[in-house]
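As structure tokens, the structure follows; a few thoughts come after it.
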Amino acid sequence: MPQAPAAIVTLTSDFGPGLFVGLMKGVVLGICPQARLVDLEHGLAPQDVRAGALVLEQARGVFPAGTVHLAVVDPGVGTSRRGLALKALGQFWVGPDNGLFTPVWLADPQARAWELAEPAYFRQPVSQTFHGRDVFAPVAAHLAAGLDPARLGEPLLDPVLLDWPRPFERGRELVGQVLGADSFGNLLTNLGRARVEAFLRGHPALVSLAGLTVRGLSAAYGQAPPGTVLALFNSQERLELALNLGDLCGHLGLEAREVYGLEVIVSAGD
Amino acid sequence: MPQAPAAIVTLTSDFGPGLFVGLMKGVVLGICPQARLVDLEHGLAPQDVRAGALVLEQARGVFPAGTVHLAVVDPGVGTSRRGLALKALGQFWVGPDNGLFTPVWLADPQARAWELAEPAYFRQPVSQTFHGRDVFAPVAAHLAAGLDPARLGEPLLDPVLLDWPRPFERGRELVGQVLGADSFGNLLTNLGRARVEAFLRGHPALVSLAGLTVRGLSAAYGQAPPGTVLALFNSQERLELALNLGDLCGHLGLEAREVYGLEVIVSAGD
Amino acid sequence: MPQAPAAIVTLTSDFGPGLFVGLMKGVVLGICPQARLVDLEHGLAPQDVRAGALVLEQARGVFPAGTVHLAVVDPGVGTSRRGLALKALGQFWVGPDNGLFTPVWLADPQARAWELAEPAYFRQPVSQTFHGRDVFAPVAAHLAAGLDPARLGEPLLDPVLLDWPRPFERGRELVGQVLGADSFGNLLTNLGRARVEAFLRGHPALVSLAGLTVRGLSAAYGQAPPGTVLALFNSQERLELALNLGDLCGHLGLEAREVYGLEVIVSAGD
């Protein structure tokens with residue numbers, strides 16, 4: 001994976017936009033002045049590792065090869081949890097070993113990981129409360145500058161993984177799960193277009209969730225009247241449920257953190 | 001319009017800061033690695049095309065020649081609404097053809113537009129729900145990298161335009177309109193300094209809005225006591241009404257979306 | 001202080017993220033196209049100069065030499081308050097002369113300042129309401145491009161300084177002060193690790209604030225049960241009080257602006 005002169009470093013965290021993110025960028029630019037910095041998401045609910053994983057999953061496939069993704073959602077900072085660098089899908093992923101990279105690891109059978117064990121690549125002294133600045137940002141910057149990840153530490157063969165549900169069939173239903181909600185309150189599922197279309201074999205879809213049933217799939221948000229619940233394949237070709245011009249998550253009386261695992265049932269209509 | 005090595009691409013949207021903006025940046029950098037990315041505004045009220053137009057109007061005149069402004073406020077995504085690239089005021093403007101670029105188009109009689117019809121400049125496959133990532137970001141990146149806009153598609157001679165009111169005189173009054181509110185709750189009008197000063201011919205101003213009357217124009221926010229309504233020419237030399245150290249929009253009991261079109265009446269005092 | 005080709009310009013303001021920040025960046029890039037722009041904090045409470053000073057204090061020591069810090073919290077814009085450029089701690093600091101740079105000035109006995117008096121380095125015409133765009137951004141860009149700060153104006157020997165309290169001993173207590181709260185509601189104090197450890201001489205700490213007493217110092221947030229108040233040395237080696245997985249500021253019934261000056265009392269336990 002050759003490093004272009006303008007290596008991209010993305011940043012994802014639960015810090016909110018602001019100083020802590022800015023400090024990580026200062027550290028990156030001190031080590032790799034040519035890095036191009038791109039914020040992905042800093043509005044994650046505090047310490048919501050799963051929401052962070054879902055953001056990273058959505059970023060894969062969009063950035064050029066060699067991009068370094070720095071992600072810090074780190075409830076275990078200062079404890080014995082490990083840090084890791086992952087090489088997967090042609091890109092690098094750096095952060096705490098707490099499951100944040102689960103969908104990336106699962107998506108690439110060739111994925112490799114290394115524990116962050118070499119203090120020479122850290123900012124010294126390492127704070128016990130801000131590894132984003134002192135461990136993950138400098139490691140990301142060194143990778144962006146071309147460092148061989150094998151120099152970071154021993155291979156890490158057993159990264160922590162979150163439970164990451166897969167769709168299954170139950171009788172005449174295809175059962176998926178909600179993985180999270182985006183900032184508009186749309187519900188993201190693990191049902192890909194190919195799987196759903198193969199299941200439906202040309203029949204119209206009935207999609208049920210939490211007692212609501214949607215008939216048919218929309219091609220775009222604008223196709224349904226305002227205030228209507230609709231189901232569509234989103235920009236990642238995943239089934240998504242939305243309230244047109246509204247917030248479905250709020251409409252269901254749920255917080256974004258509470259939607260994970262809700263069953264989404266697809267069946268063939270007439 | 002020669003492209004410098006460090007072409008600037010600005011981004012404006014109603015996505016909120018976060019992942020969707022980050023993905024557009026990833027696409028831009030994949031096509032034009034040397035692009036300099038600048039966020040203008042992502043906190044627009046959802047689908048508020050007029051607010052987006054007002055942001056873009058305020059950006060004109062500030063960025064260097066050749067800057068590419070990518071703007072996505074796109075309630076019609078996935079429908080038959082067109083996309084366009086506009087060359088106006090020495091810069092490029094890329095987004096949906098829904099009126100978002102009205103003030104730019106009106107400000108430059110030499111403005112030219114092209115419909116985005118050439119899929120070779122899109123990211124494939126094109127999602128039906130995220131043209132920001134798949135259509136507008138790649139087109140903006142190609143323009144930043146020096147593409148001749150005529151290669152994007154046929155000239156578009158009739159871009160969609162919003163109603164964009166102009167001040168007029170009514171008896172002994174100069175009547176302007178509120179165009180929107182900024183994030184501080186200050187009300188922005190279409191009354192420029194030159195027009196107002198020519199009307200007043202040295203007389204002190206009386207400015208009325210929604211039953212409030214302000215006597216005299218301030219030179220700066222700090223010139224009026226806290227909590228006072230004041231009128232001043234803002235950083236764009238436009239008449240603006242503000243509540244010093246407060247939120248005038250909220251003080252009037254209005255949402256930012258509701259202030260558009262309010263009459264602002266200037267008359268000459270003693 | 002030689003300027004690298006990729007000079008960094010950081011931005012701090014009370015503008016909120018959005019258009020006004022984007023306009024300052026457009027001005028910087030028009031003057032210094034190679035500048036690397038990093039947002040530090042734009043969510044400061046409006047006109048809270050002290051909160052801005054605290055952000056800048058936390059940024060010192062993190063960015064590479066030669067970085068230019070542009071900061072605009074400017075209640076006096078349009079009045080006779082001066083603007084300044086400061087050279088301190090190997091970096092430049094540019095903004096209004098209202099105390100925003102107090103901790104930087106106090107931290108470097110070799111600090112030097114210049115009044116911004118040379119209109120050739122301003123954007124013309126200079127608005128009376130947006131010196132961030134028309135004065136401070138262009139000056140920051142010129143410094144990032146290598147301008148000798150002595151060309152900006154006369155040396156400014158008496159910058160405005162905020163009261164910036166220092167810890168003191170009172171009987172058998174070490175008395176510090178809260179300087180502010182971060183966006184998580186953690187309380188930041190002026191008590192550094194070295195001072196506290198020298199005072200305690202190996203005894204366990206008792207830390208009192210606003211009627212609460214914490215026994216012992218934690219090494220990390222994760223060491224205390226959720227909902228517990230804890231005291232720890234933060235990523236700047238300053239004593240910080242936090243509510244684990246909560247918002248201590250809110251828990252005390254205080255706004256972030258109200259915590260400044262609260263006494264934090266350290267004494268030696270058994």
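Letters A, B, ... mark the chains of the structure tokens in the order given; residue numbers begin at 1 per chain; ligand numbers begin at 1, in order shown.
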* Distance-based interface of chain C with chain B, 6 Å, counting only C-alpha atoms, as a VMD selection string -> chain C and resid 18 to 19 22 26 30 76 78 127 to 130
Using the selection just defined, write its residues with C-alpha atoms as a CSV table (one decimal), in the first residue's frame.
chain,number,residue,atom,x,y,z
C,18,GLY,CA,-20.5,27.3,10.2
C,19,LEU,CA,-20.4,30.2,7.7
C,22,GLY,CA,-15.7,29.2,6.7
C,26,GLY,CA,-11.4,31.5,2.7
C,30,GLY,CA,-6.5,33.5,-0.4
C,76,GLY,CA,-15.5,44.8,21.6
C,78,GLY,CA,-16.0,47.9,16.2
C,127,SER,CA,-16.1,45.8,8.4
C,128,GLN,CA,-16.9,47.2,11.8
C,129,THR,CA,-18.5,44.0,12.8
C,130,PHE,CA,-16.3,41.1,11.6
* To do: Identify all residues of segment 38-156 of chain A in strand (DSSP E or B) (DSSP on the backbone) and supply them as a list in words.
  => Val38, Asp39, Leu40, Glu41, Val68, His69, Leu70, Ala71, Val72, Gly83, Leu84, Ala85, Leu86, Lys87, Ala88, Gln91, Phe92, Trp93, Val94, Gly95, Pro96, Arg112, Ala113, Trp114, Glu115 and Pro155 of chain A
Write out as a short mmCIF file (atom, residue, chain, number, x, y, z; two decimals) with C-alpha atoms, in the first residue's frame which residues come within 9 Å of segment 258-262 of chain A when counting only C-alpha atoms, dropping same-chain ones fewer than 2 positions away.
data_model
loop_
_atom_site.label_atom_id
_atom_site.label_comp_id
_atom_site.auth_asym_id
_atom_site.auth_seq_id
_atom_site.Cartn_x
_atom_site.Cartn_y
_atom_site.Cartn_z
CA ARG A 50 -21.36 0.32 18.51
CA PRO A 165 -26.00 -9.72 13.85
CA GLY A 176 -32.86 -8.53 9.75
CA GLN A 177 -31.84 -6.28 12.60
CA VAL A 178 -31.57 -2.57 13.12
CA LEU A 179 -27.90 -1.68 13.59
CA GLY A 180 -28.44 1.92 14.62
CA ALA A 181 -29.96 5.26 13.72
CA LEU A 187 -33.02 3.30 11.09
CA LEU A 209 -40.74 -3.17 12.43
CA ALA A 210 -42.03 -2.57 15.92
CA CYS A 249 -36.47 7.05 15.87
CA LEU A 254 -36.84 5.57 21.15
CA GLU A 255 -33.39 7.02 21.71
CA ALA A 256 -30.80 6.28 19.03
CA VAL A 264 -36.98 -5.91 10.74
#
* What's the 9 Å shell around segment 151-157 of chain B, counting only C-alpha atoms, without same-chain residues fewer than 6 positions away, as a PyMOL selection string? -> chain B and resi 84-85+112-121+139
* Asked: How many Å lie between atom CA of Ala35 of chain A and atom CA of His142 of chain A, rounded to one decimal?
  ->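 Pair atom CA of Ala35 of chain A / atom CA of His142 of chain A returns 10.1 Å.
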* To do: Quote the spacing between atom CA of Asn186 of chain C and atom CA of Val207 of chain C in Å to one decimal place.
  =>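 The value is 14.7 Å.
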Would you please extract all helix (DSSP H, G or I) residues from segment 70-247 of chain A, as assigned by DSSP on the backbone, and give them as a CSV table (one decimal) with all heavy atoms, in the first residue's frame?
chain,number,residue,atom,x,y,z
A,102,THR,N,-15.2,-3.8,14.5
A,102,THR,CA,-15.8,-5.1,14.2
A,102,THR,C,-16.3,-5.3,12.7
A,102,THR,O,-15.9,-6.3,12.1
A,102,THR,CB,-17.0,-5.3,15.1
A,102,THR,OG1,-16.6,-5.3,16.5
A,102,THR,CG2,-17.8,-6.6,14.8
A,103,PRO,N,-17.0,-4.4,12.2
A,103,PRO,CA,-17.5,-4.6,10.8
A,103,PRO,C,-16.4,-4.6,9.8
A,103,PRO,O,-16.5,-5.2,8.7
A,103,PRO,CB,-18.5,-3.5,10.6
A,103,PRO,CG,-18.2,-2.5,11.6
A,103,PRO,CD,-17.6,-3.2,12.7
A,104,VAL,N,-15.3,-3.9,10.0
A,104,VAL,CA,-14.2,-3.8,9.1
A,104,VAL,C,-13.5,-5.2,9.2
A,104,VAL,O,-13.1,-5.8,8.1
A,104,VAL,CB,-13.3,-2.7,9.5
A,104,VAL,CG1,-12.0,-2.7,8.7
A,104,VAL,CG2,-14.0,-1.3,9.4
A,105,TRP,N,-13.2,-5.7,10.4
A,105,TRP,CA,-12.6,-6.9,10.6
A,105,TRP,C,-13.4,-8.1,9.9
A,105,TRP,O,-12.8,-8.9,9.2
A,105,TRP,CB,-12.4,-7.2,12.1
A,105,TRP,CG,-11.7,-8.5,12.4
A,105,TRP,CD1,-12.4,-9.7,12.7
A,105,TRP,CD2,-10.3,-8.8,12.5
A,105,TRP,NE1,-11.4,-10.6,13.0
A,105,TRP,CE2,-10.2,-10.1,12.8
A,105,TRP,CE3,-9.2,-8.0,12.2
A,105,TRP,CZ2,-8.9,-10.7,13.0
A,105,TRP,CZ3,-7.9,-8.6,12.4
A,105,TRP,CH2,-7.8,-10.0,12.8
A,106,LEU,N,-14.7,-8.0,10.1
A,106,LEU,CA,-15.5,-9.1,9.6
A,106,LEU,C,-15.6,-9.1,8.1
A,106,LEU,O,-15.9,-10.1,7.4
A,106,LEU,CB,-16.9,-9.1,10.2
A,106,LEU,CG,-17.0,-9.3,11.7
A,106,LEU,CD1,-18.5,-9.2,12.2
A,106,LEU,CD2,-16.5,-10.7,12.1
A,107,ALA,N,-15.4,-7.9,7.5
A,107,ALA,CA,-15.6,-7.7,6.0
A,107,ALA,C,-14.4,-8.1,5.2
A,107,ALA,O,-14.5,-8.2,4.0
A,107,ALA,CB,-16.0,-6.2,5.7
A,119,PRO,N,6.4,2.2,22.3
A,119,PRO,CA,6.2,3.6,22.8
A,119,PRO,C,7.0,4.6,21.9
A,119,PRO,O,6.7,5.8,22.0
A,119,PRO,CB,6.9,3.6,24.2
A,119,PRO,CG,6.9,2.2,24.6
A,119,PRO,CD,7.0,1.4,23.3
A,120,ALA,N,7.9,4.2,21.1
A,120,ALA,CA,8.6,5.1,20.2
A,120,ALA,C,7.6,5.8,19.3
A,120,ALA,O,7.9,6.9,18.8
A,120,ALA,CB,9.7,4.4,19.4
A,121,TYR,N,6.5,5.2,19.1
A,121,TYR,CA,5.5,5.8,18.1
A,121,TYR,C,4.4,6.6,18.9
A,121,TYR,O,3.4,6.9,18.3
A,121,TYR,CB,4.9,4.8,17.2
A,121,TYR,CG,6.0,4.1,16.4
A,121,TYR,CD1,6.4,2.8,16.6
A,121,TYR,CD2,6.8,4.9,15.5
A,121,TYR,CE1,7.4,2.2,15.8
A,121,TYR,CE2,7.8,4.3,14.7
A,121,TYR,CZ,8.1,3.0,14.9
A,121,TYR,OH,9.2,2.5,14.2
A,131,HIS,N,-5.7,8.9,25.3
A,131,HIS,CA,-4.9,8.1,24.3
A,131,HIS,C,-5.1,8.6,22.9
A,131,HIS,O,-4.3,8.3,22.0
A,131,HIS,CB,-5.1,6.6,24.5
A,131,HIS,CG,-4.5,6.1,25.7
A,131,HIS,ND1,-4.4,4.7,26.0
A,131,HIS,CD2,-3.9,6.7,26.8
A,131,HIS,CE1,-3.7,4.5,27.1
A,131,HIS,NE2,-3.4,5.7,27.6
A,132,GLY,N,-6.3,9.2,22.6
A,132,GLY,CA,-6.5,9.7,21.3
A,132,GLY,C,-5.4,10.7,20.9
A,132,GLY,O,-4.9,10.6,19.8
A,133,ARG,N,-5.0,11.5,21.8
A,133,ARG,CA,-3.9,12.5,21.5
A,133,ARG,C,-2.5,11.8,21.5
A,133,ARG,O,-1.7,12.1,20.7
A,133,ARG,CB,-4.0,13.6,22.5
A,133,ARG,CG,-2.9,14.7,22.2
A,133,ARG,CD,-2.8,15.7,23.4
A,133,ARG,NE,-2.4,15.0,24.6
A,133,ARG,CZ,-2.4,15.5,25.8
A,133,ARG,NH1,-2.8,16.7,26.0
A,133,ARG,NH2,-1.9,14.8,26.9
A,134,ASP,N,-2.3,10.9,22.5
A,134,ASP,CA,-0.9,10.5,22.8
A,134,ASP,C,-0.6,9.2,22.2
A,134,ASP,O,0.6,8.8,22.1
A,134,ASP,CB,-0.8,10.5,24.4
A,134,ASP,CG,-0.9,11.9,25.0
A,134,ASP,OD1,-0.7,12.9,24.2
A,134,ASP,OD2,-1.1,11.9,26.2
A,135,VAL,N,-1.6,8.3,21.9
A,135,VAL,CA,-1.3,7.0,21.3
A,135,VAL,C,-1.8,6.9,19.9
A,135,VAL,O,-1.1,6.7,18.9
A,135,VAL,CB,-1.8,5.9,22.2
A,135,VAL,CG1,-1.6,4.5,21.5
A,135,VAL,CG2,-1.2,5.9,23.6
A,136,PHE,N,-3.1,7.1,19.7
A,136,PHE,CA,-3.8,6.8,18.5
A,136,PHE,C,-3.4,7.8,17.4
A,136,PHE,O,-3.2,7.5,16.2
A,136,PHE,CB,-5.3,6.6,18.6
A,136,PHE,CG,-5.6,5.6,19.7
A,136,PHE,CD1,-6.5,5.9,20.7
A,136,PHE,CD2,-5.1,4.3,19.6
A,136,PHE,CE1,-6.8,5.0,21.7
A,136,PHE,CE2,-5.4,3.4,20.6
A,136,PHE,CZ,-6.3,3.7,21.6
A,137,ALA,N,-3.4,9.1,17.7
A,137,ALA,CA,-3.1,10.1,16.7
A,137,ALA,C,-1.7,10.0,16.2
A,137,ALA,O,-1.4,10.0,15.0
A,137,ALA,CB,-3.4,11.5,17.3
A,138,PRO,N,-0.7,9.8,17.1
A,138,PRO,CA,0.7,9.7,16.6
A,138,PRO,C,0.8,8.4,15.8
A,138,PRO,O,1.5,8.4,14.7
A,138,PRO,CB,1.6,9.7,17.8
A,138,PRO,CG,0.7,9.6,19.0
A,138,PRO,CD,-0.7,10.0,18.6
A,139,VAL,N,0.2,7.3,16.2
A,139,VAL,CA,0.4,6.1,15.4
A,139,VAL,C,-0.3,6.3,14.0
A,139,VAL,O,0.3,5.9,13.0
A,139,VAL,CB,-0.3,4.9,16.1
A,139,VAL,CG1,-0.5,3.7,15.2
A,139,VAL,CG2,0.6,4.5,17.3
A,140,ALA,N,-1.5,6.9,14.0
A,140,ALA,CA,-2.1,7.1,12.7
A,140,ALA,C,-1.2,8.0,11.8
A,140,ALA,O,-1.1,7.7,10.6
A,140,ALA,CB,-3.5,7.8,12.9
A,141,ALA,N,-0.6,9.0,12.4
A,141,ALA,CA,0.3,9.9,11.6
A,141,ALA,C,1.5,9.1,11.1
A,141,ALA,O,1.9,9.3,9.9
A,141,ALA,CB,0.7,11.0,12.5
A,142,HIS,N,2.1,8.2,11.9
A,142,HIS,CA,3.2,7.5,11.4
A,142,HIS,C,2.8,6.6,10.3
A,142,HIS,O,3.5,6.4,9.3
A,142,HIS,CB,3.8,6.7,12.6
A,142,HIS,CG,4.7,7.5,13.5
A,142,HIS,ND1,5.9,8.1,13.1
A,142,HIS,CD2,4.5,7.8,14.8
A,142,HIS,CE1,6.4,8.7,14.1
A,142,HIS,NE2,5.6,8.6,15.2
A,143,LEU,N,1.6,5.9,10.4
A,143,LEU,CA,1.1,5.1,9.3
A,143,LEU,C,0.9,5.9,8.0
A,143,LEU,O,1.2,5.5,6.9
A,143,LEU,CB,-0.1,4.4,9.7
A,143,LEU,CG,0.0,3.3,10.7
A,143,LEU,CD1,-1.3,2.7,11.2
A,143,LEU,CD2,0.9,2.1,10.2
A,144,ALA,N,0.3,7.1,8.2
A,144,ALA,CA,0.1,8.0,7.0
A,144,ALA,C,1.4,8.4,6.4
A,144,ALA,O,1.5,8.6,5.2
A,144,ALA,CB,-0.7,9.2,7.5
A,149,PRO,N,3.3,-1.2,9.5
A,149,PRO,CA,2.6,-1.5,10.8
A,149,PRO,C,3.2,-2.6,11.6
A,149,PRO,O,2.9,-2.6,12.9
A,149,PRO,CB,1.2,-1.8,10.3
A,149,PRO,CG,1.3,-2.2,8.9
A,149,PRO,CD,2.5,-1.4,8.3
A,150,ALA,N,4.0,-3.4,11.0
A,150,ALA,CA,4.6,-4.5,11.8
A,150,ALA,C,5.5,-4.0,12.9
A,150,ALA,O,5.9,-4.6,13.8
A,150,ALA,CB,5.3,-5.5,10.9
A,151,ARG,N,6.0,-2.7,12.7
A,151,ARG,CA,6.9,-2.1,13.7
A,151,ARG,C,6.1,-1.6,14.9
A,151,ARG,O,6.8,-1.2,15.9
A,151,ARG,CB,7.7,-1.0,13.0
A,151,ARG,CG,8.5,-1.6,11.9
A,151,ARG,CD,9.4,-0.6,11.3
A,151,ARG,NE,10.3,0.1,12.3
A,151,ARG,CZ,11.2,1.0,12.0
A,151,ARG,NH1,11.2,1.5,10.8
A,151,ARG,NH2,11.9,1.6,13.0
A,193,ARG,N,-29.4,-5.0,-0.3
A,193,ARG,CA,-30.3,-5.1,-1.4
A,193,ARG,C,-30.3,-6.5,-2.1
A,193,ARG,O,-31.3,-7.1,-2.4
A,193,ARG,CB,-29.9,-4.1,-2.5
A,193,ARG,CG,-30.8,-4.1,-3.7
A,193,ARG,CD,-30.3,-3.3,-4.9
A,193,ARG,NE,-30.3,-1.9,-4.7
A,193,ARG,CZ,-31.3,-1.1,-5.0
A,193,ARG,NH1,-32.4,-1.6,-5.6
A,193,ARG,NH2,-31.3,0.2,-4.8
A,194,ALA,N,-29.1,-7.1,-2.3
A,194,ALA,CA,-29.0,-8.3,-3.0
A,194,ALA,C,-29.7,-9.4,-2.2
A,194,ALA,O,-30.5,-10.2,-2.8
A,194,ALA,CB,-27.5,-8.7,-3.2
A,195,ARG,N,-29.5,-9.5,-0.9
A,195,ARG,CA,-30.2,-10.5,-0.1
A,195,ARG,C,-31.7,-10.3,-0.1
A,195,ARG,O,-32.5,-11.3,-0.3
A,195,ARG,CB,-29.7,-10.4,1.3
A,195,ARG,CG,-30.3,-11.3,2.3
A,195,ARG,CD,-29.7,-12.7,2.3
A,195,ARG,NE,-30.3,-13.7,3.1
A,195,ARG,CZ,-29.9,-14.1,4.2
A,195,ARG,NH1,-28.7,-13.7,4.7
A,195,ARG,NH2,-30.5,-15.1,4.9
A,196,VAL,N,-32.2,-9.1,0.0
A,196,VAL,CA,-33.6,-8.8,0.0
A,196,VAL,C,-34.2,-9.2,-1.4
A,196,VAL,O,-35.3,-9.8,-1.5
A,196,VAL,CB,-33.9,-7.4,0.4
A,196,VAL,CG1,-35.4,-7.0,0.2
A,196,VAL,CG2,-33.5,-7.1,1.8
A,197,GLU,N,-33.6,-8.8,-2.4
A,197,GLU,CA,-34.2,-9.0,-3.8
A,197,GLU,C,-34.2,-10.5,-4.1
A,197,GLU,O,-35.1,-11.0,-4.7
A,197,GLU,CB,-33.4,-8.2,-4.8
A,197,GLU,CG,-33.7,-6.7,-4.7
A,197,GLU,CD,-33.0,-5.8,-5.7
A,197,GLU,OE1,-32.1,-6.3,-6.4
A,197,GLU,OE2,-33.4,-4.6,-5.8
A,198,ALA,N,-33.1,-11.2,-3.7
A,198,ALA,CA,-33.1,-12.7,-3.9
A,198,ALA,C,-34.3,-13.3,-3.1
A,198,ALA,O,-34.9,-14.3,-3.6
A,198,ALA,CB,-31.8,-13.2,-3.5
A,199,PHE,N,-34.5,-12.8,-1.9
A,199,PHE,CA,-35.6,-13.4,-1.1
A,199,PHE,C,-37.0,-13.1,-1.7
A,199,PHE,O,-37.8,-14.0,-1.7
A,199,PHE,CB,-35.5,-12.8,0.3
A,199,PHE,CG,-36.6,-13.3,1.2
A,199,PHE,CD1,-36.6,-14.5,1.8
A,199,PHE,CD2,-37.7,-12.5,1.5
A,199,PHE,CE1,-37.6,-15.0,2.7
A,199,PHE,CE2,-38.8,-12.9,2.3
A,199,PHE,CZ,-38.7,-14.2,2.9
A,200,LEU,N,-37.1,-11.9,-2.2
A,200,LEU,CA,-38.5,-11.5,-2.7
A,200,LEU,C,-38.8,-12.1,-4.1
A,200,LEU,O,-40.0,-12.2,-4.4
A,200,LEU,CB,-38.6,-10.0,-2.8
A,200,LEU,CG,-38.6,-9.3,-1.4
A,200,LEU,CD1,-38.6,-7.7,-1.7
A,200,LEU,CD2,-40.0,-9.6,-0.7
A,221,TYR,N,-36.5,9.2,-0.8
A,221,TYR,CA,-37.3,9.7,0.3
A,221,TYR,C,-38.5,10.5,-0.3
A,221,TYR,O,-39.6,10.5,0.2
A,221,TYR,CB,-36.4,10.7,1.1
A,221,TYR,CG,-35.3,10.0,1.8
A,221,TYR,CD1,-34.0,10.2,1.4
A,221,TYR,CD2,-35.6,9.1,2.8
A,221,TYR,CE1,-33.0,9.5,2.1
A,221,TYR,CE2,-34.5,8.4,3.5
A,221,TYR,CZ,-33.2,8.6,3.1
A,221,TYR,OH,-32.2,8.0,3.7
A,222,GLY,N,-38.2,11.3,-1.4
A,222,GLY,CA,-39.2,12.2,-1.9
A,222,GLY,C,-40.4,11.4,-2.5
A,222,GLY,O,-41.4,12.1,-2.9
A,223,GLN,N,-40.4,10.1,-2.6
A,223,GLN,CA,-41.5,9.4,-3.2
A,223,GLN,C,-42.7,9.2,-2.3
A,223,GLN,O,-43.7,8.7,-2.8
A,223,GLN,CB,-41.0,8.0,-3.7
A,223,GLN,CG,-40.2,8.2,-5.0
A,223,GLN,CD,-40.0,6.8,-5.7
A,223,GLN,OE1,-40.2,5.8,-5.0
A,223,GLN,NE2,-39.8,6.8,-7.0
* Point-to-point distance in Å for atom CA of Leu54 of chain A and atom CA of Arg170 of chain A -> 25.4 Å
* To do: Rank A:Ala53, A:Val160, A:Gly90, A:Leu70 by their smallest atom-to-atom distance to Lys25 of chain A, using only C-alpha atoms, and report the top residue only.
  =>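 Closest candidate: A:Leu70.
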